[in-house]
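Q: Structure file my_file-v4.csv, CSV, C-alpha atoms and all ligand atoms, is pasted below:
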```
chain,number,residue,atom,x,y,z
A,376,MET,CA,97.6,103.6,73.9
A,377,THR,CA,96.2,103.0,77.4
A,378,ARG,CA,97.8,100.5,79.8
A,379,ASP,CA,95.5,98.7,82.3
A,380,VAL,CA,97.3,98.3,85.6
A,381,THR,CA,95.8,96.3,88.5
A,382,LEU,CA,96.6,97.4,92.1
A,383,ALA,CA,96.4,95.7,95.4
A,384,LEU,CA,96.0,98.3,98.2
A,385,ILE,CA,97.1,97.2,101.7
A,386,GLY,CA,95.9,99.7,104.4
A,387,LEU,CA,92.8,101.8,104.0
A,388,GLY,CA,93.6,104.4,106.7
A,389,ASN,CA,94.3,108.1,106.1
A,390,VAL,CA,96.7,107.5,103.3
A,391,GLY,CA,94.9,104.5,101.7
A,392,ARG,CA,91.6,106.4,101.7
A,393,ALA,CA,93.2,109.5,100.3
A,394,PHE,CA,94.8,107.4,97.5
A,395,LEU,CA,91.3,106.0,96.6
A,396,ASP,CA,90.0,109.5,96.4
A,397,LEU,CA,92.9,110.5,94.1
A,398,LEU,CA,92.2,107.5,91.8
A,399,VAL,CA,88.7,108.9,91.3
A,400,ARG,CA,89.7,112.5,91.0
A,401,LYS,CA,92.7,112.0,88.7
A,402,GLU,CA,91.3,109.2,86.5
A,403,ALA,CA,91.2,111.4,83.4
A,404,VAL,CA,94.7,112.9,84.0
A,405,LEU,CA,96.2,109.5,84.5
A,406,ALA,CA,94.7,108.3,81.2
A,407,GLN,CA,95.5,111.4,79.1
A,408,ARG,CA,98.9,112.2,80.5
A,409,TYR,CA,100.3,108.8,81.3
A,410,GLY,CA,98.3,106.3,79.4
A,411,LEU,CA,97.2,104.6,82.6
A,412,ARG,CA,94.0,103.0,83.6
A,413,LEU,CA,94.4,102.0,87.3
A,414,SER,CA,92.1,99.4,88.7
A,415,VAL,CA,92.0,98.3,92.4
A,416,VAL,CA,91.5,94.5,92.4
A,417,ALA,CA,92.2,93.9,96.1
A,418,ALA,CA,92.2,95.9,99.3
A,419,ALA,CA,92.9,95.1,102.9
A,420,ASP,CA,92.6,96.7,106.3
A,421,SER,CA,92.8,95.3,109.9
A,422,SER,CA,89.4,93.6,109.4
A,423,GLY,CA,90.5,91.4,106.4
A,424,GLY,CA,90.7,91.8,102.7
A,425,VAL,CA,88.5,91.9,99.6
A,426,TRP,CA,89.5,90.7,96.1
A,427,ASP,CA,87.7,90.9,92.8
A,428,PRO,CA,89.7,90.4,89.6
A,429,VAL,CA,87.1,92.4,87.8
A,430,GLY,CA,88.0,95.5,89.9
A,431,LEU,CA,86.5,97.2,93.0
A,432,ASP,CA,84.8,100.5,92.6
A,433,PRO,CA,87.2,102.9,94.4
A,434,ALA,CA,84.5,105.5,95.2
A,435,ALA,CA,82.2,102.8,96.7
A,436,LEU,CA,85.1,101.3,98.7
A,437,LEU,CA,85.9,104.8,100.0
A,438,ALA,CA,82.3,105.4,101.0
A,439,HIS,CA,82.2,102.0,102.6
A,440,LYS,CA,85.4,102.8,104.7
A,441,ARG,CA,84.1,106.3,105.6
A,442,SER,CA,81.0,104.7,107.0
A,443,GLY,CA,83.1,102.8,109.5
A,444,ARG,CA,83.0,99.4,107.9
A,445,GLY,CA,85.9,97.1,107.2
A,446,ALA,CA,87.3,96.0,103.8
A,447,GLY,CA,86.4,92.3,104.6
A,448,ALA,CA,82.7,93.3,104.6
A,449,PHE,CA,82.8,95.2,101.3
A,450,PRO,CA,80.2,93.8,99.0
A,451,VAL,CA,81.5,92.7,95.6
A,452,VAL,CA,79.0,93.7,92.9
A,453,ARG,CA,78.8,92.0,89.5
A,454,GLY,CA,76.0,93.3,87.3
A,455,ALA,CA,72.8,92.8,89.3
A,456,THR,CA,74.5,90.2,91.6
A,457,VAL,CA,75.8,91.3,95.0
A,458,LEU,CA,78.2,88.8,96.6
A,459,PRO,CA,77.6,89.6,100.3
A,460,GLY,CA,80.5,89.9,102.7
A,461,GLY,CA,83.0,90.8,99.9
A,462,GLY,CA,85.0,88.5,97.6
A,463,VAL,CA,87.2,86.7,100.1
A,464,ARG,CA,88.2,87.3,103.7
A,465,LEU,CA,92.0,87.1,103.7
A,466,ASP,CA,94.9,88.5,105.6
A,467,PRO,CA,97.0,91.0,103.6
A,468,VAL,CA,99.8,88.7,102.7
A,469,GLU,CA,97.5,86.0,101.4
A,470,LEU,CA,95.6,88.7,99.6
A,471,VAL,CA,98.8,89.9,97.8
A,472,ARG,CA,99.7,86.4,96.8
A,473,MET,CA,96.2,85.6,95.5
A,474,ALA,CA,95.4,88.8,93.7
A,475,GLN,CA,98.5,88.8,91.5
A,476,ALA,CA,98.1,92.5,90.9
A,477,ASP,CA,100.6,94.4,88.7
A,478,CYS,CA,101.4,96.7,91.5
A,479,VAL,CA,101.0,96.5,95.3
A,480,VAL,CA,100.6,99.7,97.3
A,481,GLU,CA,101.5,99.1,101.0
A,482,ALA,CA,100.1,101.7,103.5
A,483,SER,CA,99.6,99.7,106.7
A,484,PRO,CA,101.1,101.1,110.0
A,485,VAL,CA,104.8,101.2,110.8
A,486,ASN,CA,105.8,98.3,113.0
A,487,LEU,CA,109.3,99.0,114.3
A,488,ARG,CA,109.6,95.7,116.2
A,489,THR,CA,109.0,93.3,113.2
A,490,GLY,CA,108.1,95.4,110.2
A,491,GLN,CA,104.9,93.3,109.8
A,492,PRO,CA,102.6,92.9,108.1
A,493,GLY,CA,104.2,95.3,105.6
A,494,LEU,CA,107.4,93.4,105.3
A,495,ASP,CA,105.8,90.1,104.3
A,496,CYS,CA,103.4,91.9,102.0
A,497,ALA,CA,106.5,93.5,100.4
A,498,ARG,CA,108.2,90.2,100.0
A,499,ALA,CA,105.1,88.6,98.6
A,500,ALA,CA,104.6,91.4,96.1
A,501,LEU,CA,108.1,91.5,94.7
A,502,GLY,CA,108.6,87.7,94.9
A,503,GLY,CA,105.3,87.2,93.1
A,504,GLY,CA,106.2,89.5,90.2
A,505,ALA,CA,104.5,92.7,91.2
A,506,ASP,CA,105.9,96.2,91.4
A,507,LEU,CA,105.8,97.6,94.9
A,508,VAL,CA,105.0,101.1,96.2
A,509,LEU,CA,105.5,101.7,99.9
A,510,ALA,CA,104.0,104.4,102.1
A,511,ASN,CA,105.0,102.3,105.1
A,512,LYS,CA,108.6,102.9,106.2
A,513,GLY,CA,108.7,99.7,108.3
A,514,PRO,CA,109.7,97.2,105.6
A,515,LEU,CA,112.5,99.5,104.4
A,516,VAL,CA,113.9,100.1,107.9
A,517,HIS,CA,114.0,96.4,108.6
A,518,ALA,CA,115.1,95.0,105.2
A,519,PHE,CA,116.2,97.7,102.7
A,520,ALA,CA,118.9,95.7,101.1
A,521,GLU,CA,116.8,92.5,100.9
A,522,LEU,CA,113.9,94.3,99.2
A,523,GLU,CA,116.2,96.1,96.7
A,524,ALA,CA,117.8,92.7,95.9
A,525,LEU,CA,114.4,91.0,95.6
A,526,ALA,CA,113.1,93.7,93.2
A,527,ALA,CA,116.3,93.4,91.1
A,528,ALA,CA,116.2,89.6,91.1
A,529,ASN,CA,112.6,89.6,89.9
A,530,GLY,CA,113.0,92.5,87.5
A,531,ARG,CA,110.3,94.5,89.4
A,532,GLY,CA,110.1,98.2,90.4
A,533,LEU,CA,110.4,99.3,94.1
A,534,ALA,CA,109.4,102.9,94.9
A,535,TYR,CA,109.0,104.6,98.3
A,536,SER,CA,109.1,108.3,97.7
A,537,ALA,CA,106.1,108.8,100.1
A,538,THR,CA,108.0,107.3,103.0
A,539,VAL,CA,110.3,110.3,103.4
A,540,CYS,CA,108.2,113.5,104.0
A,541,GLY,CA,105.3,112.5,101.9
A,542,ALA,CA,105.1,114.8,98.8
A,543,LEU,CA,108.4,116.6,99.5
A,544,PRO,CA,110.6,115.1,96.8
A,545,VAL,CA,113.5,113.9,99.0
A,546,VAL,CA,114.3,110.4,97.7
A,547,ASN,CA,113.8,111.3,94.1
A,548,VAL,CA,115.9,114.5,94.4
A,549,GLY,CA,118.6,112.7,96.3
A,550,ARG,CA,118.9,109.7,94.0
A,551,ARG,CA,118.2,111.4,90.6
A,552,ASP,CA,118.6,115.1,90.7
A,553,LEU,CA,121.8,115.3,92.8
A,554,ALA,CA,123.5,113.2,90.2
A,555,ALA,CA,127.3,112.8,90.7
A,556,CYS,CA,127.2,115.0,93.7
A,557,ASP,CA,129.3,114.4,96.8
A,558,ILE,CA,126.8,115.0,99.5
A,559,ARG,CA,128.7,116.3,102.5
A,560,ARG,CA,125.8,116.8,104.9
A,561,VAL,CA,122.1,116.4,105.1
A,562,ARG,CA,120.0,118.1,107.7
A,563,GLY,CA,116.2,118.0,107.9
A,564,ILE,CA,113.0,118.4,109.8
A,565,PHE,CA,111.1,115.2,108.7
A,566,ASN,CA,108.2,115.0,111.1
A,567,SER,CA,105.4,117.5,110.8
A,568,THR,CA,103.6,116.2,114.0
A,569,SER,CA,106.5,117.1,116.3
A,570,ASN,CA,107.2,120.3,114.3
A,571,SER,CA,103.6,121.5,114.7
A,572,ILE,CA,103.7,120.5,118.5
A,573,LEU,CA,106.8,122.6,119.0
A,574,ALA,CA,105.3,125.5,117.1
A,575,ALA,CA,102.1,125.3,119.2
A,576,MET,CA,104.1,125.2,122.4
A,577,ALA,CA,106.1,128.3,121.3
A,578,ARG,CA,102.7,130.0,121.0
A,579,GLY,CA,101.9,129.0,124.5
A,580,GLU,CA,99.5,126.1,123.6
A,581,SER,CA,99.6,122.8,125.4
A,582,TYR,CA,101.4,119.7,124.1
A,583,ASP,CA,98.3,117.6,124.3
A,584,SER,CA,96.0,119.9,122.2
A,585,ALA,CA,98.7,120.3,119.6
A,586,LEU,CA,99.1,116.5,119.3
A,587,ARG,CA,95.3,116.2,119.1
A,588,ALA,CA,95.3,118.6,116.1
A,589,ALA,CA,97.9,116.5,114.3
A,590,GLN,CA,95.9,113.4,114.9
A,591,GLU,CA,92.7,115.1,113.6
A,592,ALA,CA,94.5,116.2,110.5
A,593,GLY,CA,95.5,112.6,109.8
A,594,ILE,CA,99.3,113.2,109.8
A,595,ALA,CA,100.2,111.7,113.2
A,596,GLU,CA,101.4,108.1,113.2
A,597,ALA,CA,99.0,105.4,114.5
A,598,ASP,CA,101.3,105.3,117.5
A,599,PRO,CA,102.2,109.0,118.0
A,600,SER,CA,105.1,108.1,120.3
A,601,LEU,CA,106.9,107.4,117.0
A,602,ASP,CA,106.5,111.0,116.1
A,603,VAL,CA,107.4,112.7,119.4
A,604,GLU,CA,110.2,110.4,120.5
A,605,GLY,CA,112.1,110.9,117.2
A,606,TRP,CA,111.7,107.4,115.8
A,607,ASP,CA,109.7,108.5,112.7
A,608,THR,CA,112.4,111.0,111.9
A,609,ALA,CA,115.1,108.3,112.5
A,610,ASN,CA,113.2,105.9,110.1
A,611,LYS,CA,113.3,108.5,107.4
A,612,LEU,CA,117.0,109.2,108.0
A,613,VAL,CA,117.7,105.5,107.7
A,614,ILE,CA,115.9,105.4,104.4
A,615,ILE,CA,117.9,108.4,103.1
A,616,ALA,CA,121.2,106.7,104.3
A,617,ASN,CA,120.4,103.5,102.4
A,618,SER,CA,118.9,104.9,99.3
A,619,VAL,CA,120.6,108.3,98.7
A,620,LEU,CA,123.8,108.2,100.7
A,621,ARG,CA,124.3,104.5,99.7
A,622,GLN,CA,125.4,103.7,103.3
A,623,PRO,CA,123.7,100.5,104.6
A,624,ALA,CA,122.1,101.6,107.9
A,625,THR,CA,119.5,100.4,110.4
A,626,LEU,CA,117.9,102.3,113.4
A,627,ALA,CA,120.8,101.1,115.6
A,628,ASP,CA,123.1,103.3,113.5
A,629,VAL,CA,121.2,106.5,114.5
A,630,GLN,CA,122.7,107.9,117.6
A,631,PRO,CA,121.2,109.5,119.5
A,632,VAL,CA,117.5,109.3,118.8
A,633,GLU,CA,116.1,111.9,121.0
A,634,GLY,CA,112.5,113.3,120.9
A,635,ILE,CA,110.9,116.5,122.0
A,636,GLY,CA,109.7,115.2,125.4
A,637,GLY,CA,112.4,117.2,127.2
A,638,ILE,CA,111.3,120.6,125.8
A,639,THR,CA,109.5,122.3,128.6
A,640,PRO,CA,107.7,125.7,128.5
A,641,ALA,CA,110.6,127.1,130.6
A,642,LEU,CA,113.2,126.0,128.0
A,643,MET,CA,111.0,127.3,125.2
A,644,ALA,CA,110.9,130.8,126.9
A,645,ALA,CA,114.6,130.8,127.5
A,646,GLY,CA,115.2,129.9,123.8
A,647,GLN,CA,112.9,132.7,122.7
A,648,ALA,CA,114.8,135.2,124.8
A,649,ARG,CA,117.9,134.2,122.9
A,650,SER,CA,116.0,134.5,119.6
A,651,GLU,CA,116.4,130.8,118.9
A,652,THR,CA,113.9,128.3,117.8
A,653,VAL,CA,113.9,124.6,118.8
A,654,LYS,CA,113.5,122.0,116.1
A,655,LEU,CA,113.7,118.2,115.9
A,656,VAL,CA,116.6,117.9,113.5
A,657,ALA,CA,117.9,114.8,111.6
A,658,THR,CA,121.5,115.0,110.5
A,659,ALA,CA,123.7,112.8,108.3
A,660,GLU,CA,127.3,114.2,108.4
A,661,ARG,CA,130.3,112.6,106.9
A,662,ASP,CA,133.2,112.0,109.2
A,663,PRO,CA,136.9,112.2,108.0
A,664,GLY,CA,136.8,108.4,107.4
A,665,GLY,CA,134.0,109.0,104.8
A,666,ARG,CA,131.1,107.4,106.9
A,667,TYR,CA,128.0,109.3,107.6
A,668,ARG,CA,127.2,109.8,111.3
A,669,LEU,CA,123.4,109.7,111.8
A,670,SER,CA,121.6,111.5,114.6
A,671,VAL,CA,118.1,112.8,115.6
A,672,ARG,CA,117.8,115.4,118.4
A,673,PRO,CA,116.2,118.7,119.2
A,674,GLU,CA,118.5,121.7,118.3
A,675,TRP,CA,118.2,125.4,119.1
A,676,LEU,CA,118.6,127.2,115.8
A,677,PRO,CA,119.2,130.9,115.1
A,678,GLY,CA,116.5,132.7,113.1
A,679,ASP,CA,118.6,132.8,109.9
A,680,ASP,CA,119.0,129.0,109.7
A,681,PHE,CA,116.8,127.6,106.9
A,682,LEU,CA,115.4,124.9,109.2
A,683,ALA,CA,114.3,127.6,111.7
A,684,GLY,CA,112.0,128.8,109.0
A,685,VAL,CA,110.4,125.4,108.5
A,686,ARG,CA,107.3,126.2,110.4
A,687,GLY,CA,104.3,124.4,111.9
A,688,TRP,CA,103.1,121.7,109.6
A,689,GLU,CA,106.0,122.1,107.3
A,690,MET,CA,108.9,119.7,106.7
A,691,GLY,CA,112.2,120.6,105.1
A,692,ILE,CA,115.7,119.4,104.1
A,693,VAL,CA,119.1,121.0,103.4
A,694,TRP,CA,121.5,119.1,101.1
A,695,ASP,CA,125.1,120.3,101.3
A,696,THR,CA,126.7,119.2,98.0
A,697,ASP,CA,130.1,119.7,96.3
A,698,ILE,CA,128.9,120.6,92.8
A,699,MET,CA,125.2,121.6,93.2
A,700,GLY,CA,125.4,124.1,96.0
A,701,LEU,CA,123.5,124.2,99.2
A,702,GLN,CA,119.9,123.1,98.3
A,703,GLN,CA,117.1,123.9,100.7
A,704,HIS,CA,113.6,122.6,100.1
A,705,LYS,CA,110.5,122.6,102.2
A,706,VAL,CA,106.8,121.6,101.9
A,707,ASP,CA,103.7,122.7,103.7
A,708,GLU,CA,101.6,119.5,103.9
A,709,ARG,CA,98.3,119.4,105.8
A,710,GLY,CA,96.6,116.1,105.9
A,711,PRO,CA,97.3,112.9,104.1
A,712,ILE,CA,96.5,113.9,100.5
A,713,PRO,CA,100.1,114.9,99.6
A,714,THR,CA,101.4,111.6,100.9
A,715,ALA,CA,98.8,109.7,98.8
A,716,ALA,CA,99.8,111.9,95.9
A,717,ALA,CA,103.4,110.8,96.4
A,718,VAL,CA,102.2,107.2,96.3
A,719,LEU,CA,100.4,108.0,93.0
A,720,ARG,CA,103.6,109.6,91.8
A,721,ASP,CA,105.5,106.3,92.4
A,722,VAL,CA,102.8,104.3,90.7
A,723,ILE,CA,103.1,106.6,87.7
A,724,THR,CA,106.9,106.3,87.7
A,725,LEU,CA,106.8,102.5,87.8
A,726,CYS,CA,103.8,101.8,85.6
A,727,GLY,CA,103.1,104.8,83.4
A,728,LYS,CA,104.6,106.3,80.3
A,729,ALA,CA,105.3,110.0,80.6
A,730,GLN,CA,103.8,111.8,77.6
A,801,LIG,N1,99.5,109.9,107.4
A,801,LIG,C1,100.5,110.5,106.8
A,801,LIG,O1,100.5,111.7,106.6
A,801,LIG,C2,101.7,109.6,106.3
A,801,LIG,C3,102.8,110.2,105.7
A,801,LIG,C4,103.8,109.4,105.2
A,801,LIG,C5,103.8,108.0,105.4
A,801,LIG,N2,102.7,107.5,106.1
A,801,LIG,C6,102.8,106.0,106.3
A,801,LIG,O2,101.7,105.4,105.6
A,801,LIG,C7,101.2,104.3,106.4
A,801,LIG,C8,99.7,104.5,106.6
A,801,LIG,O3,99.5,105.7,107.3
A,801,LIG,P1,98.0,106.2,107.7
A,801,LIG,O4,98.1,107.5,108.3
A,801,LIG,O5,97.1,105.9,106.6
A,801,LIG,O6,97.8,105.1,108.9
A,801,LIG,P2,96.3,104.7,109.5
A,801,LIG,O7,95.4,105.8,109.3
A,801,LIG,O8,96.6,104.2,110.9
A,801,LIG,O9,95.8,103.5,108.6
A,801,LIG,C9,96.5,102.3,108.7
A,801,LIG,C10,95.6,101.3,107.8
A,801,LIG,O10,96.2,100.0,107.9
A,801,LIG,C11,95.2,99.1,108.3
A,801,LIG,N3,95.9,98.0,109.0
A,801,LIG,C12,96.2,97.9,110.3
A,801,LIG,N4,96.8,96.7,110.6
A,801,LIG,C13,96.7,96.0,109.5
A,801,LIG,C14,97.0,94.7,109.1
A,801,LIG,N5,97.5,93.8,110.0
A,801,LIG,N6,96.7,94.2,107.9
A,801,LIG,C15,96.2,95.1,107.0
A,801,LIG,N7,95.9,96.4,107.2
A,801,LIG,C16,96.1,96.8,108.5
A,801,LIG,C17,94.3,99.8,109.1
A,801,LIG,O11,93.0,99.1,109.2
A,801,LIG,P3,91.7,99.7,109.8
A,801,LIG,O12,91.2,100.7,108.8
A,801,LIG,O13,90.8,98.5,109.9
A,801,LIG,O14,92.1,100.4,111.1
A,801,LIG,C18,94.2,101.1,108.3
A,801,LIG,O15,93.3,101.0,107.2
A,801,LIG,C19,102.0,104.3,107.7
A,801,LIG,O16,103.0,103.3,107.6
A,801,LIG,C20,102.6,105.7,107.8
A,801,LIG,O17,103.8,105.7,108.5
A,801,LIG,C21,101.7,108.2,106.6
```
How does this structure look as structure tokens?
Ligand SMILES: NC(=O)c1ccc[n+]([C@@H]2O[C@H](COP(=O)([O-])OP(=O)(O)OC[C@H]3O[C@@H](n4cnc5c(N)ncnc54)[C@H](OP(=O)(O)O)[C@@H]3O)[C@@H](O)[C@H]2O)c1
A:
Amino acid sequence: MTRDVTLALIGLGNVGRAFLDLLVRKEAVLAQRYGLRLSVVAAADSSGGVWDPVGLDPAALLAHKRSGRGAGAFPVVRGATVLPGGGVRLDPVELVRMAQADCVVEASPVNLRTGQPGLDCARAALGGGADLVLANKGPLVHAFAELEALAAANGRGLAYSATVCGALPVVNVGRRDLAACDIRRVRGIFNSTSNSILAAMARGESYDSALRAAQEAGIAEADPSLDVEGWDTANKLVIIANSVLRQPATLADVQPVEGIGGITPALMAAGQARSETVKLVATAERDPGGRYRLSVRPEWLPGDDFLAGVRGWEMGIVWDTDIMGLQQHKVDERGPIPTAAAVLRDVITLCGKAQ
């Protein structure tokens, strides 16, 4: 039995385009393994949106975006009839409301000030009866409890495994696989842009050329200050605190949030002389009162620390648990495909039937 699932895709950047690519490449696997036929009925970028209840051709939409054109100008084709200028020009929130897709995938940029437009898209999705998959951390950092409550009240699924280190299974491991564990401490390197910049600086390369390489690979945030000033890492820690550690938290609870801007070539050389490696480390550590203290800052680590071995483009996490030992996981992610694959993983979890 195959289930038809309609999708609205908000954001057609590195992640959104990689997701379209996976829909084409994995069509047969999705049908055979999970009984899923996914069809994109609406898509939006900063130029506007396009909606066609019959379904948009993902390969054609991908080619259209790759040619530099916006979603609002995507031609909707029905048989021999081409409707010029796309179906409807809409902002993403209107588009979500109108399309009434089974599942909304939100991959617009992080907005730390307001969470928008992702937050209102998320509200419109769950409030309108759709499942919601987030790649965008903004809505969760602004309104984690509200979105969980909205999903529960409407009986819809909310998944966001891509928001914390892309394909590295952090949220899923933390919530499901560390069942009944008392998590004493979490440490991690959650931002591959800053990690690759530190690695390049250790090799004597410049900060600027390393940042350019991360941008070209499609892994840097639209606003790269989020990466290098520690805010992207702090966002991920806030999501872990809320979802895995079950401690309500916002960015104001992460103290300090310190980036890698203070790491100079001289400090790097001194660290190397001590056989230490500098890493941007996120920590959640329980205090004697049972609350987790959250922080993000550069740390000088000895070579035998697991996180010292999280190199270049890699990201990693160490879970210190009472009954499942010290678990150490890392991933080598280059480019946005693994994040798009994590989005697909969430769509499968919410909409598919494992076979
Ligand atoms: N890249 C990664 O490896 C990665 C990993 C994990 C999580 N994420 C998260 O995934 C999200 C997307 O990342 P990305 O790398 O794909 O970003 P991106 O390349 O900057 O793409 C952002 C997309 O959102 C669109 N957009 C911007 N403002 C919009 C608006 N007001 N309404 C609708 N669409 C709008 C952009 O439109 P245009 O195409 O017209 O510019 C673009 O298509 C971000 O929240 C990011 O934090 C990314």
Q: Quick check, in Å to one decimal: how far apart do atom CA of A:Val425 and atom CA of A:Val380 lie?
A: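 So the answer is 17.7 Å.
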Q: What does the distance from atom CA of A:Asn617 to atom CA of A:Leu515 come to in Å, to one decimal?
A: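 These atoms are spaced 9.1 Å apart.
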Q: List as a count of residues only the protein and nucleic acid residues near stretch 526-534 of chain A, meaning an atom at most 7 Å away when all atoms listed in the file are counted, but skip any in the same chain fewer than 6 places from it.
A: 10
Q: Give me, please, the distance in Å between atom CA of A:Ala577 and atom CA of A:Asp602, quoted to one decimal.
A: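 These two atoms are separated by 18.1 Å.
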Q: Can you tell me which residues surround stretch 480-491 of chain A at a distance of at most 7 Å, considering only C-alpha atoms, apart from same-chain residues fewer than 5 positions away, and format the answer as a list in words?
A: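 Near neighbours after the sequence-gap exclusion: Leu382, Ala383, Leu384, Ile385, Gly386, Val390, Gly391, Leu507, Val508, Leu509, Ala510, Asn511, Lys512, Gly513, Pro514, His517 and Ala597 of chain A.
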Q: For the point (127.2, 108.3, 107.1) in file coordinates, what residues are within 8 Å, counting all atoms listed in the file? Give the answer as a list in words?
A: Ala616, Leu620, Gln622, Ala659, Glu660, Arg661, Asp662, Gly665, Arg666, Tyr667, Arg668 and Leu669 of chain A
Q: Using only C-alpha atoms, determine which residues lie at most 10 Å from A:Ala554, disregarding the query and same-chain residues fewer than 6 positions distant; provide the list as a list in words.
A: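 Result of the neighbour search: Val548, Ile698 and Met699 of chain A.
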